[in-house]
Every structure is written in structure tokens, then in C-alpha cells.
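Visitor: Following this line is target35.cif, made up of mmCIF, C-alpha atoms:
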```cif
data_protein
#
loop_
_atom_site.label_atom_id
_atom_site.label_comp_id
_atom_site.auth_asym_id
_atom_site.auth_seq_id
_atom_site.Cartn_x
_atom_site.Cartn_y
_atom_site.Cartn_z
CA MET A 41 -41.18 -25.61 -22.06
CA ALA A 42 -43.01 -28.09 -24.31
CA SER A 43 -41.14 -30.18 -26.88
CA GLY A 44 -43.04 -28.48 -29.70
CA ASP A 45 -41.42 -25.13 -28.72
CA PHE A 46 -37.92 -26.33 -29.71
CA CYS A 47 -36.44 -26.36 -33.19
CA ALA A 48 -33.88 -28.60 -34.83
CA PRO A 49 -30.15 -27.78 -34.53
CA GLY A 50 -29.88 -27.09 -38.27
CA GLU A 51 -32.79 -24.68 -38.13
CA GLY A 52 -31.18 -22.98 -35.11
CA VAL A 53 -27.96 -22.34 -37.07
CA GLU A 54 -29.90 -21.00 -40.04
CA MET A 55 -31.97 -18.73 -37.79
CA LEU A 56 -28.82 -17.51 -36.02
CA LEU A 57 -27.31 -16.50 -39.36
CA GLN A 58 -30.50 -14.69 -40.33
CA VAL A 59 -30.72 -12.78 -37.05
CA CYS A 60 -27.05 -11.83 -37.05
CA GLY A 61 -27.17 -10.90 -40.75
CA LYS A 62 -29.95 -8.36 -40.22
CA GLN A 63 -29.37 -4.78 -39.19
CA PHE A 64 -30.19 -5.19 -35.55
CA PRO A 65 -28.71 -3.88 -32.30
CA PRO A 66 -25.80 -6.12 -31.19
CA CYS A 67 -26.91 -8.91 -28.89
CA ALA A 68 -25.01 -11.91 -27.53
CA LEU A 69 -27.06 -14.79 -28.97
CA THR A 70 -25.95 -18.38 -29.33
CA GLU A 71 -27.36 -21.29 -31.29
CA GLU A 72 -28.57 -22.87 -28.07
CA ASP A 73 -30.56 -19.72 -27.16
CA LEU A 74 -32.30 -19.71 -30.54
CA ILE A 75 -33.00 -23.44 -30.39
CA GLN A 76 -34.60 -23.15 -26.95
CA ASN A 77 -36.55 -19.96 -27.82
CA PRO A 78 -37.77 -20.20 -31.44
CA HIS A 79 -40.64 -17.74 -30.92
CA PHE A 80 -38.23 -15.14 -29.57
CA SER A 81 -36.03 -15.70 -32.62
CA LYS A 82 -38.98 -15.10 -34.95
CA LEU A 83 -39.78 -11.94 -32.99
CA LEU A 84 -36.23 -10.71 -33.54
CA LEU A 85 -36.49 -11.43 -37.26
CA SER A 86 -39.74 -9.49 -37.53
CA LEU A 87 -38.33 -6.57 -35.50
CA SER A 88 -35.17 -6.44 -37.63
CA GLN A 89 -37.32 -5.40 -40.61
CA HIS A 90 -38.52 -2.28 -38.80
CA VAL A 91 -35.46 -1.10 -36.82
CA ASP A 92 -31.87 -0.21 -37.67
CA GLU A 93 -28.60 -1.12 -35.99
CA SER A 94 -29.07 1.48 -33.24
CA GLY A 95 -32.56 0.20 -32.32
CA LEU A 96 -34.51 3.14 -33.81
CA SER A 97 -37.39 2.59 -36.18
CA LEU A 98 -36.62 3.19 -39.86
CA THR A 99 -38.95 6.24 -40.05
CA LEU A 100 -37.45 7.79 -36.93
CA ALA A 101 -33.91 7.02 -38.13
CA LYS A 102 -34.68 8.79 -41.45
CA GLU A 103 -36.08 11.84 -39.64
CA GLN A 104 -33.05 11.84 -37.35
CA ALA A 105 -30.69 11.75 -40.34
CA GLN A 106 -32.53 14.68 -41.94
CA ALA A 107 -32.39 16.62 -38.67
CA TRP A 108 -28.66 16.01 -38.35
CA SER A 109 -28.14 17.10 -41.94
CA GLU A 110 -30.03 20.34 -41.25
CA VAL A 111 -27.99 20.88 -38.08
CA ARG A 112 -24.72 20.40 -39.98
CA HIS A 113 -25.89 22.80 -42.71
CA ARG A 114 -26.85 25.49 -40.20
CA LYS A 115 -23.67 24.91 -38.24
CA THR A 116 -21.59 25.35 -41.38
CA ALA A 117 -23.42 28.58 -42.24
CA TRP A 118 -22.98 29.93 -38.72
CA LEU A 119 -19.26 29.05 -38.75
CA ARG A 120 -18.80 30.88 -42.05
CA TYR A 121 -20.55 33.97 -40.69
CA GLU A 122 -18.59 33.78 -37.41
CA ILE A 123 -15.24 33.42 -39.20
CA LEU A 124 -16.02 36.37 -41.48
CA GLN A 125 -17.12 38.47 -38.51
CA ARG A 126 -13.95 37.70 -36.54
CA VAL A 127 -11.70 38.38 -39.53
CA ILE A 128 -13.32 41.79 -40.03
CA GLN A 129 -12.93 42.58 -36.32
CA GLU A 130 -9.25 41.62 -36.52
CA LEU A 131 -8.82 43.95 -39.51
CA LEU A 132 -10.25 46.82 -37.46
CA VAL A 133 -7.99 46.00 -34.50
CA ASP A 134 -4.95 45.91 -36.79
CA TYR A 135 -6.02 49.28 -38.20
CA TYR A 136 -6.08 50.86 -34.72
CA VAL A 137 -2.66 49.38 -33.90
CA LYS A 138 -1.15 50.64 -37.15
CA ALA A 139 -2.77 54.06 -36.65
CA GLN A 140 -0.92 54.45 -33.36
CA ASP A 141 2.46 53.30 -34.70
CA THR A 142 2.57 54.76 -38.23
CA ASN A 143 0.80 57.32 -40.39
CA LEU A 144 -1.81 55.66 -42.62
CA THR A 145 -2.67 56.78 -46.12
CA SER A 146 -5.92 58.50 -46.90
CA GLU A 147 -7.23 55.40 -48.71
CA ASP A 148 -6.55 53.20 -45.67
CA LYS A 149 -8.28 55.66 -43.39
CA LYS A 150 -11.25 55.93 -45.73
CA PHE A 151 -11.49 52.15 -46.04
CA HIS A 152 -11.45 51.46 -42.30
CA GLU A 153 -13.78 54.36 -41.45
CA THR A 154 -16.30 53.22 -44.10
CA LEU A 155 -16.06 49.62 -42.87
CA GLU A 156 -16.50 50.60 -39.25
CA GLN A 157 -19.44 52.92 -40.06
CA ARG A 158 -21.13 50.22 -42.12
CA LEU A 159 -20.73 47.60 -39.35
CA LEU A 160 -21.97 49.95 -36.66
CA VAL A 161 -25.07 51.01 -38.62
CA THR A 162 -25.82 47.39 -39.54
CA GLU A 163 -25.65 46.30 -35.90
CA LEU A 164 -27.89 49.17 -34.79
CA THR A 165 -30.35 48.37 -37.58
CA GLN A 166 -30.54 44.76 -36.43
CA LEU A 167 -31.15 45.88 -32.85
CA SER A 168 -34.04 48.11 -33.93
CA GLY A 169 -35.44 45.64 -36.50
CA PRO A 170 -39.10 44.60 -36.86
CA GLY A 171 -38.70 41.73 -34.43
CA GLN A 172 -37.75 44.11 -31.65
CA GLU A 173 -40.46 46.77 -32.08
CA THR A 174 -43.21 44.66 -30.50
CA GLU A 175 -41.13 43.88 -27.41
CA LEU A 176 -38.80 46.84 -26.79
CA PRO A 177 -39.05 50.57 -27.59
CA PRO A 178 -36.77 51.92 -30.38
CA LEU A 179 -33.12 52.30 -29.40
CA LEU A 180 -32.54 55.92 -28.33
CA GLY A 181 -35.78 56.81 -30.10
CA LEU A 182 -34.23 56.11 -33.52
CA GLU A 183 -36.22 54.48 -36.25
CA ARG A 184 -34.86 52.20 -38.93
CA THR A 185 -35.06 54.97 -41.53
CA ASP A 186 -33.02 57.27 -39.28
CA LEU A 187 -30.26 54.70 -39.07
CA LEU A 188 -30.25 54.01 -42.80
CA GLU A 189 -29.51 57.70 -43.41
CA LEU A 190 -26.20 57.19 -41.56
CA MET A 191 -25.03 54.62 -44.10
CA PRO A 192 -21.88 55.60 -46.04
CA PRO A 193 -22.34 56.67 -49.68
CA SER A 194 -23.01 53.87 -52.13
CA GLN A 195 -19.83 54.58 -54.10
CA ASP A 196 -17.70 54.36 -50.97
CA PHE A 197 -19.50 51.18 -49.95
CA VAL A 198 -18.88 49.51 -53.35
CA TRP A 199 -15.21 50.51 -53.24
CA MET A 200 -14.90 49.33 -49.61
CA LYS A 201 -16.62 46.03 -50.40
CA ALA A 202 -14.24 45.28 -53.26
CA ARG A 203 -11.19 46.00 -51.13
CA LEU A 204 -12.66 44.18 -48.13
CA GLN A 205 -12.88 41.01 -50.19
CA LEU A 206 -9.17 41.22 -50.96
CA GLU A 207 -8.29 42.02 -47.33
CA VAL A 208 -10.39 39.11 -46.03
CA GLU A 209 -8.86 36.73 -48.55
CA GLU A 210 -5.37 37.84 -47.55
CA GLN A 211 -6.18 37.48 -43.83
CA LEU A 212 -7.65 34.02 -44.37
CA LYS A 213 -4.64 33.08 -46.46
CA ARG A 214 -2.28 34.05 -43.63
CA LYS A 215 -4.36 32.08 -41.14
CA CYS A 216 -4.37 29.02 -43.40
CA PHE A 217 -0.60 29.24 -43.81
CA THR A 218 -0.20 29.60 -40.04
CA LEU A 219 -2.35 26.52 -39.48
CA LEU A 220 -0.34 24.63 -42.11
CA CYS A 221 2.98 25.54 -40.49
CA TYR A 222 1.63 24.51 -37.10
CA HIS A 223 0.50 21.16 -38.51
CA ASP A 224 3.62 20.68 -40.65
CA PRO A 225 6.55 22.84 -39.42
CA SER A 226 8.63 21.79 -42.43
CA SER A 227 6.27 23.85 -44.66
CA ASP A 228 7.49 27.09 -43.12
CA THR A 229 10.25 27.41 -45.75
CA ASP A 230 8.02 26.55 -48.74
CA GLY A 231 6.77 29.09 -51.24
CA ASP A 232 3.24 30.48 -51.32
CA THR A 233 2.24 28.28 -54.29
CA LEU A 234 3.35 25.09 -52.56
CA LYS A 235 1.76 26.21 -49.29
CA ALA A 236 -1.52 26.87 -51.12
CA ALA A 237 -1.41 23.38 -52.61
CA LYS A 238 -0.76 21.85 -49.18
CA VAL A 239 -3.57 23.91 -47.63
CA TRP A 240 -5.91 22.58 -50.31
CA MET A 241 -5.12 19.04 -49.13
CA LEU A 242 -4.98 19.95 -45.42
CA THR A 243 -8.70 19.40 -44.89
CA GLU A 244 -8.55 15.81 -46.10
CA VAL A 245 -5.44 15.20 -43.99
CA LEU A 246 -7.12 16.58 -40.87
CA VAL A 247 -10.26 14.53 -41.55
CA ARG A 248 -8.15 11.37 -41.88
CA GLU A 249 -6.24 12.18 -38.71
CA LYS A 250 -9.49 12.87 -36.87
CA GLN A 251 -10.93 9.57 -38.07
CA HIS A 252 -7.71 7.85 -37.03
CA CYS A 253 -7.94 9.46 -33.58
CA LEU A 254 -11.57 8.38 -33.22
CA GLU A 255 -10.68 4.85 -34.23
CA ALA A 256 -7.75 4.89 -31.82
CA LYS A 257 -10.04 6.09 -29.02
CA GLY A 258 -12.51 3.32 -29.86
CA GLN A 259 -9.72 0.75 -29.81
CA GLN A 260 -8.48 2.22 -26.55
CA LYS A 261 -11.93 1.82 -24.99
CA GLU A 262 -12.10 -1.76 -26.23
CA GLN A 263 -8.63 -2.43 -24.88
CA LEU A 264 -9.62 -0.90 -21.53
CA VAL A 265 -12.67 -3.15 -21.38
CA LEU A 266 -10.53 -6.18 -22.24
CA LEU A 267 -7.91 -5.06 -19.73
CA GLU A 268 -10.55 -4.77 -17.01
CA LYS A 269 -11.87 -8.23 -17.85
CA LYS A 270 -8.34 -9.66 -17.84
CA ARG A 271 -7.61 -7.89 -14.56
CA THR A 272 -10.71 -9.42 -13.01
CA THR A 273 -9.85 -12.85 -14.40
CA TYR A 274 -6.24 -12.47 -13.27
CA SER A 275 -7.37 -11.56 -9.74
CA GLN A 276 -9.64 -14.61 -9.60
CA VAL A 277 -6.92 -16.93 -10.93
CA LEU A 278 -4.41 -15.41 -8.52
CA LEU A 279 -6.73 -16.02 -5.57
CA ARG A 280 -7.23 -19.63 -6.67
CA CYS A 281 -3.46 -20.10 -7.00
CA LEU A 282 -2.90 -18.63 -3.54
CA ALA A 283 -5.53 -20.97 -2.12
CA LEU A 284 -3.83 -23.96 -3.77
CA LEU A 285 -0.42 -22.90 -2.49
CA GLN A 286 -1.79 -22.48 1.00
CA ARG A 287 -3.35 -25.91 0.81
CA LEU A 288 -0.09 -27.47 -0.41
CA LEU A 289 1.83 -25.81 2.42
CA GLN A 290 -0.62 -27.02 5.01
CA GLU A 291 -0.80 -30.58 3.70
CA HIS A 292 2.78 -31.33 2.65
CA ARG A 293 5.30 -28.94 4.10
CA LEU A 294 4.07 -27.97 7.56
CA GLN A 295 4.62 -31.46 9.01
CA THR A 296 8.27 -31.64 8.00
CA LYS A 297 8.76 -27.97 8.84
CA SER A 298 7.61 -28.47 12.45
CA GLU A 299 10.10 -31.33 12.90
CA LEU A 300 12.87 -29.25 11.34
CA ASP A 301 12.01 -26.32 13.62
CA ARG A 302 12.20 -28.59 16.67
CA ILE A 303 15.64 -29.91 15.64
CA ASN A 304 16.87 -26.36 14.97
CA ALA A 305 15.61 -25.24 18.38
CA GLN A 306 17.46 -28.07 20.12
CA TYR A 307 20.62 -27.30 18.15
CA LEU A 308 20.45 -23.61 19.07
CA GLU A 309 19.81 -24.46 22.71
CA LEU A 310 22.86 -26.75 22.89
CA LYS A 311 24.96 -24.19 21.06
CA CYS A 312 23.91 -21.49 23.54
CA SER A 313 24.78 -23.72 26.52
CA ALA A 314 28.18 -24.49 25.04
CA MET A 315 28.81 -20.79 24.51
CA ILE A 316 27.91 -20.01 28.13
CA LEU A 317 30.25 -22.73 29.42
CA ARG A 318 33.02 -21.46 27.21
CA LEU A 319 32.58 -17.92 28.52
CA ARG A 320 32.68 -19.19 32.13
CA MET A 321 35.84 -21.14 31.38
CA GLU A 322 37.51 -18.08 29.89
CA GLU A 323 36.48 -16.05 32.93
CA LEU A 324 37.98 -18.59 35.33
CA LYS A 325 41.14 -18.74 33.24
CA VAL A 326 41.56 -14.97 33.40
CA LEU A 327 41.01 -15.01 37.17
CA SER A 328 43.52 -17.85 37.68
CA ASP A 329 46.12 -15.99 35.59
CA THR A 330 45.55 -12.72 37.44
CA TYR A 331 45.48 -13.89 41.09
CA SER A 332 47.89 -16.39 42.72
CA ALA A 333 47.04 -18.55 45.78
CA GLU A 334 48.74 -16.12 48.23
CA LYS A 335 46.85 -13.13 46.79
CA VAL A 336 43.58 -15.00 47.03
CA GLU A 337 44.25 -15.83 50.69
CA VAL A 338 45.11 -12.18 51.49
CA HIS A 339 41.95 -11.02 49.69
CA ARG A 340 39.92 -13.52 51.66
CA LEU A 341 41.29 -12.14 54.98
CA ILE A 342 40.62 -8.58 53.87
CA ARG A 343 37.10 -9.53 52.87
CA ASP A 344 36.46 -11.22 56.24
CA ARG A 345 37.62 -8.10 58.10
CA LEU A 346 35.52 -5.86 55.96
CA GLU A 347 32.50 -8.06 56.41
CA GLY A 348 33.07 -8.01 60.21
CA ALA A 349 33.33 -4.22 60.22
CA ILE A 350 30.16 -4.03 58.12
CA ARG A 351 28.31 -6.23 60.59
CA LEU A 352 29.46 -4.01 63.52
CA GLN A 353 28.34 -0.90 61.69
CA GLU A 354 24.98 -2.50 60.95
CA GLN A 355 24.56 -3.38 64.63
CA ASP A 356 25.40 0.22 65.67
CA LEU A 357 22.96 1.48 63.05
CA GLU A 358 20.24 -0.77 64.41
CA LYS A 359 20.90 0.45 67.98
CA SER A 360 20.78 4.09 66.85
CA ARG A 361 17.47 3.43 65.07
CA LEU A 362 16.03 1.87 68.26
CA VAL A 363 17.13 4.88 70.32
CA LEU A 364 15.72 7.25 67.71
CA HIS A 365 12.38 5.40 67.73
CA THR A 366 12.36 5.62 71.53
CA TYR A 367 12.96 9.37 71.43
CA GLU A 368 10.26 9.82 68.79
CA ALA A 369 7.78 7.96 70.98
CA LEU A 370 8.24 10.54 73.79
CA GLY A 371 6.58 13.30 71.71
CA GLU A 372 6.91 17.11 71.78
CA ASP A 373 7.77 17.32 75.51
CA PHE A 374 10.93 15.41 74.91
CA GLU A 375 11.88 17.82 72.14
CA SER A 376 11.63 20.78 74.57
CA LEU A 377 13.82 18.91 77.06
CA VAL A 378 16.35 18.24 74.32
CA ARG A 379 16.46 21.91 73.38
CA GLU A 380 16.88 22.90 77.05
CA TYR A 381 19.60 20.28 77.52
CA THR A 382 21.35 21.57 74.44
CA GLN A 383 21.27 25.13 75.77
CA LEU A 384 22.68 24.00 79.12
CA ARG A 385 25.46 22.07 77.38
CA LEU A 386 26.31 25.15 75.37
CA ALA A 387 26.31 27.34 78.50
CA ALA A 388 28.49 24.83 80.38
CA ASP A 389 30.92 24.65 77.45
CA ASN A 390 31.10 28.45 77.34
CA LYS A 391 31.79 28.69 81.08
CA ARG A 392 34.38 25.90 80.87
CA TRP A 393 36.12 27.77 78.08
CA ALA A 394 36.01 31.02 80.13
CA LEU A 395 37.58 29.25 83.15
CA GLN A 396 40.34 27.83 80.97
CA GLU A 397 41.09 31.25 79.56
CA LEU A 398 41.07 32.76 83.05
CA SER A 399 43.47 30.10 84.33
CA LYS A 400 45.78 30.78 81.41
CA ALA A 401 45.69 34.51 82.21
CA GLN A 402 46.51 33.94 85.89
CA ARG A 403 49.54 31.84 84.97
#
```
As C-alpha cells, please, write out the structure in this file.
Guide:
Amino acid sequence: MASGDFCAPGEGVEMLLQVCGKQFPPCALTEEDLIQNPHFSKLLLSLSQHVDESGLSLTLAKEQAQAWSEVRHRKTAWLRYEILQRVIQELLVDYYVKAQDTNLTSEDKKFHETLEQRLLVTELTQLSGPGQETELPPLLGLERTDLLELMPPSQDFVWMKARLQLEVEEQLKRKCFTLLCYHDPSSDTDGDTLKAAKVWMLTEVLVREKQHCLEAKGQQKEQLVLLEKKRTTYSQVLLRCLALLQRLLQEHRLQTKSELDRINAQYLELKCSAMILRLRMEELKVLSDTYSAEKVEVHRLIRDRLEGAIRLQEQDLEKSRLVLHTYEALGEDFESLVREYTQLRLAADNKRWALQELSKAQR
């Protein structure tokens, strides 16, 4: 960038104050940024005259404000209509419940029947209104004039309307008191006058609490962002600390630790050898206390005889194995001779036993 594109430090501070003082979307600008980019700073100053804090143009922001105002107005009107509609429906439901439990007076019956008839005819009239005739055929073939004939008499309607206002006010009063007791349980024991005064101030209290909750949520989001930044910074610092500790261990402690490990290994080795020698000494001591010289000599003679007998048995076993291998080498013919020899031996033994028995009998 050419030297002519920079501005003096004092001018940069002044320009920074001008940019930050304007209603402009938040941006992280420093004095150095403005000094290095004076044309961009002038562009921001010129844009700040045509946009608001959210970045919208002033004309569009004004239209948006008007649109939001219209939305709030329509929303308020719809909520009023919806609340009134639900209160009237609740009155009708309460009427049906009371009609099943107790006997109602003639005025109550007349009031609820007139109200229900008026609501039903009004709903049917709206369904068959002018907006529906071009799209759908009349409902059940009824025209608007036919439905208007079903309206209750004007006197009954005026009387019902006057009483309905009182019923609606009483129902809304009970709902307001219920809401007040839910918000402030201590108000449950207050009188109706004090409850009405508290209900009058309840809206402002709820608005303040809502604003407090919104501010708390905003602060919570900011704290979460700060917490995430601190967590990231903490992780980085922790990794650097671990790297430094590892380096210190490798450079300063590992050399002495290896020498110490070698000395400990030698010490443990010598200690193990001493333990083995001590065990052997105890073993020899037990043997010397248990067996005298005469007993040892007798045991030695017995061991020699047993070893001699074992050697003789091993020699006989070896001879038997040689004979067995010789017999196995003769094959199946030798097995038939063995069976025949066995039969002859059995026959000879039987005859010898018979001769002995015969000799005994002759004696």
C-alpha cells in the first residue's frame, strides 16, 4: 500500500471514535486497522448514515417496524377473540356438567340455550358466507337468510348478552385470581379487593420477570461463549505445561532416576540372594535337628537297597519289552500259535486236576 493511503495516528483515533459512535453493526476494529485502511474507514462512515445497528437500511428498518407493529396489533386482537371464545365454550361445558348434577333454574336454561343457539347459527352463517359461495355449494342447501331465521328473539338475545358480559367477567376474574395465586401462593388468603389490586400490577411484574429472564439468558449465552473460550485457552495452556513438564523430566530427572533405579535393582538382587541363603540355612537346620547321624546312615542303606531293587526291576522291564517286541515281530501266525498253546495248557491243567481228584478218590 502506498504511503499516501495511511493516515496519522491522531486521525485514526478520531475516525475510530466516529465509526464506533455511529449506529452500525458491531465490528472488531482497532486504531491500527483504521490507520492502515483509511478509505475503508470512510466507507464505513458513509454506510453508517444509511443503515441501523442491525445492518438494515433505514427505509427497510422503518417498514419492518411498521410490519411488526401491525403483527402485534393483529396478534392482540386474535388473542382477545380466542380468549373470549374459550371462556364462552367453558361456560357451556360447565352448564352441561351442572345440568347432569343438579336441577338448573329456568333462567339458567334459557340463558345457556340462547347462547348455544346464537353461537351455532353464527358459526353456520360464517360457513355459508359470501366468501364461500363462489367456491363451495351452500351448506345443506341452506342460504344465509334461512339461517338468520333461526336466530333467537332479539329480546332474549339482549338479555343473554347482558348476562353473558357478567358471566365472562366473573370467569375471567376467577382465571386472573388463579394465575395470581399460582404466581404468588401467599395471595391465596387475601381478599378479592387486594387480589384485584395485585392482578392489576401482575402484568408489569410478569413483563419485568420476562425481561429479567431474557437478560439472564443473554448473560448465560455470553458466559457460555466466554467459558468455551476459557476452556480452549485452558486446554492450550495445559498442553504447553505438560510439554514443559515432559521436557524437564527428560532433561533433569531421567539421568539421576536411571542411576537410582540401577542401585535399587542391585540392592533388591542382593536382598533376594540373602533371603535364599537364609531359607537354605533354615532348611538345613531343620534337617539336622530332625535326623541324627545313625538315622541318616540307616536311611542311606535303605535308599541304596531301594535303588538296587529299582534297577533290577528296570532290567526285567527292559527284557520283557524286548521279548514283547520279538513276539510282535512274528505277526498274526504267532498269535494263532499262542492261542493254541493256551488251549493246550488249559486242557493239560484240566486233565492234571482230574488225575489228582481220581488219585484222591482211589485212596
Visitor: Record the distance separating CA of Val208 (chain A) and CA of Thr142 (chain A), expressed in Å with one decimal.
Guide: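 That distance, rounded to one decimal, is 21.8 Å.
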Visitor: What separation in Å, quoted to one decimal, exists between CA of Met241 (chain A) and CA of Arg112 (chain A)?
Guide: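 Atom-to-atom, CA of Met241 (chain A) and CA of Arg112 (chain A) are spaced 21.7 Å apart.
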Visitor: Extending 6 Å beyond the listed atoms of region 366-370 of chain A on each side, what axis-aligned box results? I want centre and edge lengths in Å to one decimal, as AutoDock Vina command-line options.
Guide:
```
--center_x 10.4 --center_y 8.1 --center_z 71.3 --size_x 17.2 --size_y 16.9 --size_z 17.0
```
Visitor: Limit the output to N, CA, C and O atoms and give region 385-399 of chain A as a PDB file, in the first residue's frame.
Guide:
```
ATOM      1  N   ARG A 385      -2.482-125.754  27.221  1.00  0.00           N
ATOM      2  CA  ARG A 385      -2.139-125.608  28.630  1.00  0.00           C
ATOM      3  C   ARG A 385      -3.371-125.756  29.497  1.00  0.00           C
ATOM      4  O   ARG A 385      -3.321-126.418  30.564  1.00  0.00           O
ATOM      5  N   LEU A 386      -4.482-125.178  29.030  1.00  0.00           N
ATOM      6  CA  LEU A 386      -5.709-125.308  29.799  1.00  0.00           C
ATOM      7  C   LEU A 386      -6.183-126.759  29.835  1.00  0.00           C
ATOM      8  O   LEU A 386      -6.626-127.258  30.886  1.00  0.00           O
ATOM      9  N   ALA A 387      -6.081-127.465  28.692  1.00  0.00           N
ATOM     10  CA  ALA A 387      -6.514-128.869  28.654  1.00  0.00           C
ATOM     11  C   ALA A 387      -5.623-129.729  29.551  1.00  0.00           C
ATOM     12  O   ALA A 387      -6.110-130.623  30.285  1.00  0.00           O
ATOM     13  N   ALA A 388      -4.299-129.463  29.507  1.00  0.00           N
ATOM     14  CA  ALA A 388      -3.371-130.223  30.348  1.00  0.00           C
ATOM     15  C   ALA A 388      -3.647-129.960  31.809  1.00  0.00           C
ATOM     16  O   ALA A 388      -3.624-130.892  32.648  1.00  0.00           O
ATOM     17  N   ASP A 389      -3.934-128.697  32.182  1.00  0.00           N
ATOM     18  CA  ASP A 389      -4.237-128.379  33.573  1.00  0.00           C
ATOM     19  C   ASP A 389      -5.507-129.068  34.016  1.00  0.00           C
ATOM     20  O   ASP A 389      -5.586-129.580  35.162  1.00  0.00           O
ATOM     21  N   ASN A 390      -6.502-129.122  33.103  1.00  0.00           N
ATOM     22  CA  ASN A 390      -7.768-129.793  33.460  1.00  0.00           C
ATOM     23  C   ASN A 390      -7.556-131.285  33.679  1.00  0.00           C
ATOM     24  O   ASN A 390      -8.092-131.881  34.628  1.00  0.00           O
ATOM     25  N   LYS A 391      -6.768-131.894  32.794  1.00  0.00           N
ATOM     26  CA  LYS A 391      -6.500-133.352  32.944  1.00  0.00           C
ATOM     27  C   LYS A 391      -5.674-133.613  34.186  1.00  0.00           C
ATOM     28  O   LYS A 391      -5.893-134.620  34.900  1.00  0.00           O
ATOM     29  N   ARG A 392      -4.698-132.730  34.487  1.00  0.00           N
ATOM     30  CA  ARG A 392      -3.890-132.922  35.698  1.00  0.00           C
ATOM     31  C   ARG A 392      -4.773-132.826  36.929  1.00  0.00           C
ATOM     32  O   ARG A 392      -4.633-133.591  37.887  1.00  0.00           O
ATOM     33  N   TRP A 393      -5.720-131.884  36.895  1.00  0.00           N
ATOM     34  CA  TRP A 393      -6.621-131.761  38.053  1.00  0.00           C
ATOM     35  C   TRP A 393      -7.523-132.981  38.186  1.00  0.00           C
ATOM     36  O   TRP A 393      -7.791-133.467  39.279  1.00  0.00           O
ATOM     37  N   ALA A 394      -7.956-133.549  37.002  1.00  0.00           N
ATOM     38  CA  ALA A 394      -8.816-134.743  37.040  1.00  0.00           C
ATOM     39  C   ALA A 394      -8.046-135.947  37.595  1.00  0.00           C
ATOM     40  O   ALA A 394      -8.595-136.746  38.386  1.00  0.00           O
ATOM     41  N   LEU A 395      -6.740-136.093  37.228  1.00  0.00           N
ATOM     42  CA  LEU A 395      -5.938-137.191  37.751  1.00  0.00           C
ATOM     43  C   LEU A 395      -5.733-137.040  39.255  1.00  0.00           C
ATOM     44  O   LEU A 395      -5.790-138.074  39.991  1.00  0.00           O
ATOM     45  N   GLN A 396      -5.526-135.827  39.711  1.00  0.00           N
ATOM     46  CA  GLN A 396      -5.363-135.624  41.152  1.00  0.00           C
ATOM     47  C   GLN A 396      -6.621-136.002  41.893  1.00  0.00           C
ATOM     48  O   GLN A 396      -6.596-136.612  42.951  1.00  0.00           O
ATOM     49  N   GLU A 397      -7.767-135.620  41.367  1.00  0.00           N
ATOM     50  CA  GLU A 397      -9.015-135.942  42.015  1.00  0.00           C
ATOM     51  C   GLU A 397      -9.246-137.465  41.999  1.00  0.00           C
ATOM     52  O   GLU A 397      -9.772-138.047  42.985  1.00  0.00           O
ATOM     53  N   LEU A 398      -8.861-138.090  40.892  1.00  0.00           N
ATOM     54  CA  LEU A 398      -9.049-139.549  40.796  1.00  0.00           C
ATOM     55  C   LEU A 398      -8.147-140.258  41.785  1.00  0.00           C
ATOM     56  O   LEU A 398      -8.553-141.243  42.404  1.00  0.00           O
ATOM     57  N   SER A 399      -6.947-139.774  41.935  1.00  0.00           N
ATOM     58  CA  SER A 399      -5.992-140.394  42.896  1.00  0.00           C
ATOM     59  C   SER A 399      -6.529-140.244  44.287  1.00  0.00           C
ATOM     60  O   SER A 399      -6.427-141.167  45.113  1.00  0.00           O
TER      61      SER A 399
END
```
